[in-house]
Amino acid sequence: MNKDVIIIGAGAAGMMCAISAGERGRRVLLVDHSRTLAGKIRISGGGRCNFTNQNVGAENYISANPHFCRSALSRFTPQDIIGYLRKHNIDWQEKKLGQLFLKNTSRDIIDMLRQECLETGAEFLTGKEVVEVHHEAGKKDREFTVLIENQAISAPSLVIATGGLSVPETGSSPFGYKLAKQFGLQVTELKPGLVPITTQSGFPDLAGISIHTIATCNKMSFREDLLFTHNGLSGPAILQISSYWNSGDPIELDLLPGLEDVLLADYPGKKLLSTALAQYLPKKFAQYYCRNWLEDKAIGHYSLNQLKMIEKNLHRFSIIPTGTEGFRKAEVTVGGVSTHELSSKSMESKRVPGLFFIGEVVDVTGWLGGYNFQWAWSSGYVAGSFA
């Protein structure tokens, strides 16, 4: 069997690439080792798929080359994916911080993508493992031969859309990175991103309690909620900052963002420090904080300077994580196929013509809030425009 384009990975990026290539009249085959399409779409956003963000820009992505994603993002925008949803009468809604979710279920967007692929003539081969990929450098036709179990399929264009290492229950694997190395492409260091962090003792006494905070690490800050867990910390603020965290780095938390001199308002007085703090923080946390790091006595028994220092520490509460919950709990993989190896215009390898990498397998990682799906749509679309 011969095709014009073989796409390995039938997730968000892979199917968008198939649509884009198919609209150009290319004969496309999508191959996936899972029998179920788009596992990450299915579970994202609590089953309602946070499919993009209204405020997408290059500054919302992490990469060794922070400008690499600009071209793709400008050529397939949030309005473009919304256009597909409108075409298929799929309802969506905006939540906080520009995040767009489906009103019904993630199944809607999966069905939409599959239908669009089929309408362009793309074929699916699911539940099949890719055994080997061959390519003879210098051959005039530059054919790639993909051995899928006992079947060999050839095409002049091969697109790798196999995702990263995150959420292994959806079928993630290191296949894309191994293939990149097979062809001599560099892969940057890989680590879990958008992932809960662990601390030495965890916070079993506070598990389930949420606090609005500003989390800061390596000159990046996010103002969102954090969540105490048995193993450490989670919640949007922590997931966001985790992508910037490296082993040994401290994370600084402002537990009273936007508030100043809150304790001085009760000075002098008989109110316990924990009671005063509970006006601004969850009562259970206020009691825990006073029990573990301070003496819980009346506000009037502290000096003004001591109260100012307590408040300062709450604005700059520092922790050094012992690690993260790993790829098992990570939403994305930070790192991937080096952007220096790829054309930002087409996502094609500079070393191996006809070989493309898209989506999470590339060293482009978005923030929490729909940015990673937008990268999947955008990178898939531009690759399909050239493959």
# chains A, B, ... in the order shown; residues from 1 in each chain; ligands from 1

$ residues_around --residues "region 350-356 of chain A" --least-positions-apart "6" --cutoff "9 Å" --atoms "only C-alpha atoms" --output "number ranges by chain"
A: 137, 142-144, 156-161, 183-185, 340-343, 383, 386-387

$ residues_around --residues "Gln93 (chain A)" --least-positions-apart "4" --cutoff "10 Å" --atoms "only C-alpha atoms" --output "list in words"
Asn50, Gly98, Gln99, Leu100, Phe101, Leu102, Lys103 and Asn104 of chain A

$ write_last_selection --atoms "N, CA, C and O atoms" --output "compact mmCIF listing (two decimals), in the first residue's frame"
# COMPACT_ATOMS: atom_id res chain seq x y z
N ASN A 50 -10.92 21.31 27.41
CA ASN A 50 -10.51 22.72 27.35
C ASN A 50 -9.73 22.89 26.05
O ASN A 50 -8.51 22.85 26.03
N GLY A 98 -9.97 33.12 29.92
CA GLY A 98 -10.03 32.85 28.48
C GLY A 98 -10.12 31.40 28.07
O GLY A 98 -10.06 31.07 26.88
N GLN A 99 -10.31 30.50 29.04
CA GLN A 99 -10.35 29.08 28.74
C GLN A 99 -11.68 28.70 28.09
O GLN A 99 -12.74 29.02 28.60
N LEU A 100 -11.61 27.99 26.97
CA LEU A 100 -12.81 27.56 26.26
C LEU A 100 -13.02 26.06 26.43
O LEU A 100 -12.12 25.26 26.17
N PHE A 101 -14.22 25.69 26.85
CA PHE A 101 -14.60 24.29 27.08
C PHE A 101 -15.81 23.95 26.23
O PHE A 101 -16.64 24.81 25.91
N LEU A 102 -15.96 22.67 25.91
CA LEU A 102 -17.18 22.21 25.28
C LEU A 102 -18.31 22.22 26.32
O LEU A 102 -18.07 21.97 27.50
N LYS A 103 -19.52 22.48 25.87
CA LYS A 103 -20.66 22.46 26.80
C LYS A 103 -21.09 21.03 27.12
O LYS A 103 -21.61 20.77 28.20
N ASN A 104 -20.89 20.14 26.16
CA ASN A 104 -21.32 18.76 26.38
C ASN A 104 -20.13 17.89 26.75
O ASN A 104 -19.59 18.03 27.83

$ residues_around --residues "region 277-283 of chain A" --least-positions-apart "6" --cutoff "9 Å" --atoms "only C-alpha atoms" --output "number ranges by chain"
A: 209-212, 255-256, 259, 262-263

$ write_last_selection --atoms "all heavy atoms" --output "PDB file, in the first residue's frame"
ATOM      1  N   ILE A 209      -7.738  21.307  51.207  1.00  0.00           N
ATOM      2  CA  ILE A 209      -7.916  22.742  51.451  1.00  0.00           C
ATOM      3  C   ILE A 209      -7.261  23.543  50.325  1.00  0.00           C
ATOM      4  O   ILE A 209      -6.146  23.241  49.894  1.00  0.00           O
ATOM      5  CB  ILE A 209      -7.330  23.143  52.815  1.00  0.00           C
ATOM      6  CG1 ILE A 209      -8.178  22.548  53.940  1.00  0.00           C
ATOM      7  CG2 ILE A 209      -7.251  24.658  52.959  1.00  0.00           C
ATOM      8  CD1 ILE A 209      -7.645  22.803  55.313  1.00  0.00           C
ATOM      9  N   SER A 210      -7.952  24.568  49.867  1.00  0.00           N
ATOM     10  CA  SER A 210      -7.479  25.397  48.771  1.00  0.00           C
ATOM     11  C   SER A 210      -7.225  26.820  49.246  1.00  0.00           C
ATOM     12  O   SER A 210      -7.956  27.338  50.098  1.00  0.00           O
ATOM     13  CB  SER A 210      -8.520  25.401  47.645  1.00  0.00           C
ATOM     14  OG  SER A 210      -8.114  26.225  46.579  1.00  0.00           O
ATOM     15  N   ILE A 211      -6.175  27.461  48.717  1.00  0.00           N
ATOM     16  CA  ILE A 211      -5.841  28.850  49.045  1.00  0.00           C
ATOM     17  C   ILE A 211      -5.503  29.594  47.762  1.00  0.00           C
ATOM     18  O   ILE A 211      -4.771  29.076  46.910  1.00  0.00           O
ATOM     19  CB  ILE A 211      -4.633  28.931  50.010  1.00  0.00           C
ATOM     20  CG1 ILE A 211      -4.984  28.336  51.373  1.00  0.00           C
ATOM     21  CG2 ILE A 211      -4.163  30.378  50.183  1.00  0.00           C
ATOM     22  CD1 ILE A 211      -3.826  28.371  52.364  1.00  0.00           C
ATOM     23  N   HIS A 212      -6.016  30.795  47.624  1.00  0.00           N
ATOM     24  CA  HIS A 212      -5.646  31.649  46.487  1.00  0.00           C
ATOM     25  C   HIS A 212      -4.245  32.185  46.743  1.00  0.00           C
ATOM     26  O   HIS A 212      -3.948  32.683  47.830  1.00  0.00           O
ATOM     27  CB  HIS A 212      -6.634  32.796  46.336  1.00  0.00           C
ATOM     28  CG  HIS A 212      -6.489  33.524  45.035  1.00  0.00           C
ATOM     29  ND1 HIS A 212      -6.774  32.943  43.822  1.00  0.00           N
ATOM     30  CD2 HIS A 212      -6.053  34.781  44.762  1.00  0.00           C
ATOM     31  CE1 HIS A 212      -6.543  33.806  42.856  1.00  0.00           C
ATOM     32  NE2 HIS A 212      -6.102  34.940  43.401  1.00  0.00           N
ATOM     33  N   LEU A 255       0.684  33.974  50.115  1.00  0.00           N
ATOM     34  CA  LEU A 255      -0.577  33.438  50.615  1.00  0.00           C
ATOM     35  C   LEU A 255      -1.598  34.527  50.933  1.00  0.00           C
ATOM     36  O   LEU A 255      -2.737  34.225  51.284  1.00  0.00           O
ATOM     37  CB  LEU A 255      -0.317  32.574  51.854  1.00  0.00           C
ATOM     38  CG  LEU A 255       0.610  31.373  51.619  1.00  0.00           C
ATOM     39  CD1 LEU A 255       0.888  30.663  52.936  1.00  0.00           C
ATOM     40  CD2 LEU A 255       0.010  30.414  50.610  1.00  0.00           C
ATOM     41  N   LEU A 256      -1.169  35.783  50.811  1.00  0.00           N
ATOM     42  CA  LEU A 256      -2.080  36.917  51.030  1.00  0.00           C
ATOM     43  C   LEU A 256      -1.965  37.899  49.866  1.00  0.00           C
ATOM     44  O   LEU A 256      -1.673  39.084  50.062  1.00  0.00           O
ATOM     45  CB  LEU A 256      -1.742  37.625  52.350  1.00  0.00           C
ATOM     46  CG  LEU A 256      -1.914  36.832  53.639  1.00  0.00           C
ATOM     47  CD1 LEU A 256      -1.304  37.597  54.815  1.00  0.00           C
ATOM     48  CD2 LEU A 256      -3.398  36.545  53.911  1.00  0.00           C
ATOM     49  N   LEU A 259      -3.065  41.819  49.728  1.00  0.00           N
ATOM     50  CA  LEU A 259      -3.440  42.287  51.066  1.00  0.00           C
ATOM     51  C   LEU A 259      -2.205  42.799  51.805  1.00  0.00           C
ATOM     52  O   LEU A 259      -1.133  42.189  51.736  1.00  0.00           O
ATOM     53  CB  LEU A 259      -4.087  41.147  51.860  1.00  0.00           C
ATOM     54  CG  LEU A 259      -5.387  40.576  51.283  1.00  0.00           C
ATOM     55  CD1 LEU A 259      -5.843  39.382  52.110  1.00  0.00           C
ATOM     56  CD2 LEU A 259      -6.480  41.652  51.257  1.00  0.00           C
ATOM     57  N   VAL A 262      -2.690  43.292  57.296  1.00  0.00           N
ATOM     58  CA  VAL A 262      -3.959  42.718  57.763  1.00  0.00           C
ATOM     59  C   VAL A 262      -3.942  42.455  59.267  1.00  0.00           C
ATOM     60  O   VAL A 262      -4.975  42.565  59.943  1.00  0.00           O
ATOM     61  CB  VAL A 262      -4.296  41.420  56.998  1.00  0.00           C
ATOM     62  CG1 VAL A 262      -4.559  41.725  55.533  1.00  0.00           C
ATOM     63  CG2 VAL A 262      -3.194  40.370  57.149  1.00  0.00           C
ATOM     64  N   LEU A 263      -2.769  42.110  59.825  1.00  0.00           N
ATOM     65  CA  LEU A 263      -2.698  41.803  61.250  1.00  0.00           C
ATOM     66  C   LEU A 263      -2.685  43.064  62.102  1.00  0.00           C
ATOM     67  O   LEU A 263      -3.119  43.054  63.267  1.00  0.00           O
ATOM     68  CB  LEU A 263      -1.466  40.950  61.546  1.00  0.00           C
ATOM     69  CG  LEU A 263      -1.460  39.550  60.903  1.00  0.00           C
ATOM     70  CD1 LEU A 263      -0.159  38.831  61.215  1.00  0.00           C
ATOM     71  CD2 LEU A 263      -2.654  38.732  61.389  1.00  0.00           C
TER      72      LEU A 263
END

$ select_by_dssp --residues "region 68-157 of chain A" --states "helix (DSSP H, G or I)" --output "ChimeraX atom specification"
/A:70-75,78-87,96-98,107-119

$ residues_around --residues "region 202-208 of chain A" --least-positions-apart "6" --cutoff "12 Å" --atoms "only C-alpha atoms" --output "ChimeraX atom specification"
/A:196,225-235,282-289,291-292,319-325

$ closest_residue --among "A:Pro268, A:Gly336, A:Gly57, A:Gly121" --to "Thr162 (chain A)" --atoms "only C-alpha atoms"
A:Gly336

$ residues_around --residues "Asn305 (chain A)" --least-positions-apart "6" --cutoff "12 Å" --atoms "only C-alpha atoms" --output "list of chain:residue names"
A:Asp261, A:Leu263, A:Leu264, A:Tyr267, A:Ile299, A:Glu311, A:Lys312

$ closest_residue --among "A:Ser74, A:Asn60, A:Thr145, A:Thr188" --to "Val5 (chain A)" --atoms "only C-alpha atoms"
A:Thr145

$ closest_residue --among "A:Arg114, A:Ile214, A:Leu30, A:Phe373" --to "Ala155 (chain A)" --atoms "only C-alpha atoms"
A:Leu30

$ residues_around --residues "Ser243 (chain A)" --least-positions-apart "3" --cutoff "12 Å" --atoms "only C-alpha atoms" --output "ChimeraX atom specification"
/A:60-63,190-197,215-218,220-222,236-240,246-247,251,324,326,330-335,364-368

$ select_by_dssp --residues "region 7-254 of chain A" --states "strand (DSSP E or B)" --output "ChimeraX atom specification"
/A:7-8,28-32,50-53,61-62,92-94,99-102,123-126,130-135,144-148,151-155,157-160,187,191-193,197-198,210-217,220-228,232-234,251-254

$ write_last_selection --atoms "C-alpha atoms" --output "mmCIF file, in the first residue's frame"
data_model
loop_
_atom_site.group_PDB
_atom_site.id
_atom_site.type_symbol
_atom_site.label_atom_id
_atom_site.label_comp_id
_atom_site.auth_asym_id
_atom_site.auth_seq_id
_atom_site.Cartn_x
_atom_site.Cartn_y
_atom_site.Cartn_z
ATOM 1 C CA ILE A 7 0.729 10.139 10.233
ATOM 2 C CA ILE A 8 1.734 8.135 13.300
ATOM 3 C CA VAL A 28 -3.470 10.188 4.120
ATOM 4 C CA LEU A 29 -3.164 7.223 6.478
ATOM 5 C CA LEU A 30 -3.462 7.727 10.244
ATOM 6 C CA VAL A 31 -1.858 4.982 12.348
ATOM 7 C CA ASP A 32 -2.352 4.596 16.099
ATOM 8 C CA ASN A 50 -10.512 22.717 27.345
ATOM 9 C CA PHE A 51 -9.873 22.893 23.586
ATOM 10 C CA THR A 52 -8.210 26.316 23.351
ATOM 11 C CA ASN A 53 -7.756 29.704 25.000
ATOM 12 C CA TYR A 61 4.685 28.467 25.869
ATOM 13 C CA ILE A 62 7.956 27.024 27.152
ATOM 14 C CA TRP A 92 -18.775 25.755 23.780
ATOM 15 C CA GLN A 93 -18.391 28.221 26.628
ATOM 16 C CA GLU A 94 -15.709 30.489 28.033
ATOM 17 C CA GLN A 99 -10.351 29.079 28.744
ATOM 18 C CA LEU A 100 -12.809 27.563 26.256
ATOM 19 C CA PHE A 101 -14.597 24.294 27.083
ATOM 20 C CA LEU A 102 -17.185 22.207 25.284
ATOM 21 C CA GLU A 123 -7.976 6.366 6.386
ATOM 22 C CA PHE A 124 -7.472 5.099 9.944
ATOM 23 C CA LEU A 125 -5.446 2.087 11.026
ATOM 24 C CA THR A 126 -5.957 1.739 14.783
ATOM 25 C CA VAL A 130 4.536 0.439 14.277
ATOM 26 C CA VAL A 131 7.446 -1.996 14.272
ATOM 27 C CA GLU A 132 10.008 -0.118 12.179
ATOM 28 C CA VAL A 133 10.463 2.933 10.015
ATOM 29 C CA HIS A 134 12.903 2.849 7.092
ATOM 30 C CA HIS A 135 14.144 5.661 4.903
ATOM 31 C CA PHE A 144 9.476 6.354 4.071
ATOM 32 C CA THR A 145 8.497 2.733 4.622
ATOM 33 C CA VAL A 146 6.563 2.063 7.810
ATOM 34 C CA LEU A 147 6.264 -1.560 8.942
ATOM 35 C CA ILE A 148 2.981 -1.903 10.821
ATOM 36 C CA GLN A 151 2.229 -4.786 6.660
ATOM 37 C CA ALA A 152 4.634 -2.368 4.920
ATOM 38 C CA ILE A 153 3.262 1.020 3.846
ATOM 39 C CA SER A 154 5.247 3.705 2.013
ATOM 40 C CA ALA A 155 4.842 7.457 1.595
ATOM 41 C CA SER A 157 5.883 12.279 3.876
ATOM 42 C CA LEU A 158 5.908 10.935 7.424
ATOM 43 C CA VAL A 159 4.411 12.904 10.319
ATOM 44 C CA ILE A 160 5.128 11.997 13.941
ATOM 45 C CA VAL A 187 15.810 15.680 21.780
ATOM 46 C CA LYS A 191 10.419 16.231 32.445
ATOM 47 C CA PRO A 192 6.813 16.204 33.719
ATOM 48 C CA GLY A 193 4.916 19.473 33.333
ATOM 49 C CA ILE A 197 4.665 18.640 43.492
ATOM 50 C CA THR A 198 5.727 16.571 46.470
ATOM 51 C CA SER A 210 -7.479 25.397 48.771
ATOM 52 C CA ILE A 211 -5.841 28.850 49.045
ATOM 53 C CA HIS A 212 -5.646 31.649 46.487
ATOM 54 C CA THR A 213 -1.974 32.428 45.955
ATOM 55 C CA ILE A 214 0.755 33.756 43.719
ATOM 56 C CA ALA A 215 3.293 31.000 43.038
ATOM 57 C CA THR A 216 6.739 32.106 41.850
ATOM 58 C CA CYS A 217 9.742 30.154 40.581
ATOM 59 C CA MET A 220 7.758 33.236 36.562
ATOM 60 C CA SER A 221 4.604 33.843 38.613
ATOM 61 C CA PHE A 222 1.031 32.577 38.433
ATOM 62 C CA ARG A 223 -1.914 33.881 40.456
ATOM 63 C CA GLU A 224 -4.333 31.008 40.939
ATOM 64 C CA ASP A 225 -5.491 28.564 43.615
ATOM 65 C CA LEU A 226 -3.248 25.960 45.229
ATOM 66 C CA LEU A 227 -4.510 22.736 46.758
ATOM 67 C CA PHE A 228 -2.936 20.902 49.689
ATOM 68 C CA GLY A 232 2.437 17.966 48.742
ATOM 69 C CA LEU A 233 0.726 20.634 46.650
ATOM 70 C CA SER A 234 -1.470 20.758 43.555
ATOM 71 C CA ILE A 251 8.911 27.840 45.108
ATOM 72 C CA GLU A 252 7.720 31.033 46.757
ATOM 73 C CA LEU A 253 4.050 31.427 47.669
ATOM 74 C CA ASP A 254 2.257 34.675 48.409
#

$ atom_distance --atom1 "CA of Glu169 (chain A)" --atom2 "CA of Ile81 (chain A)"
26.4 Å
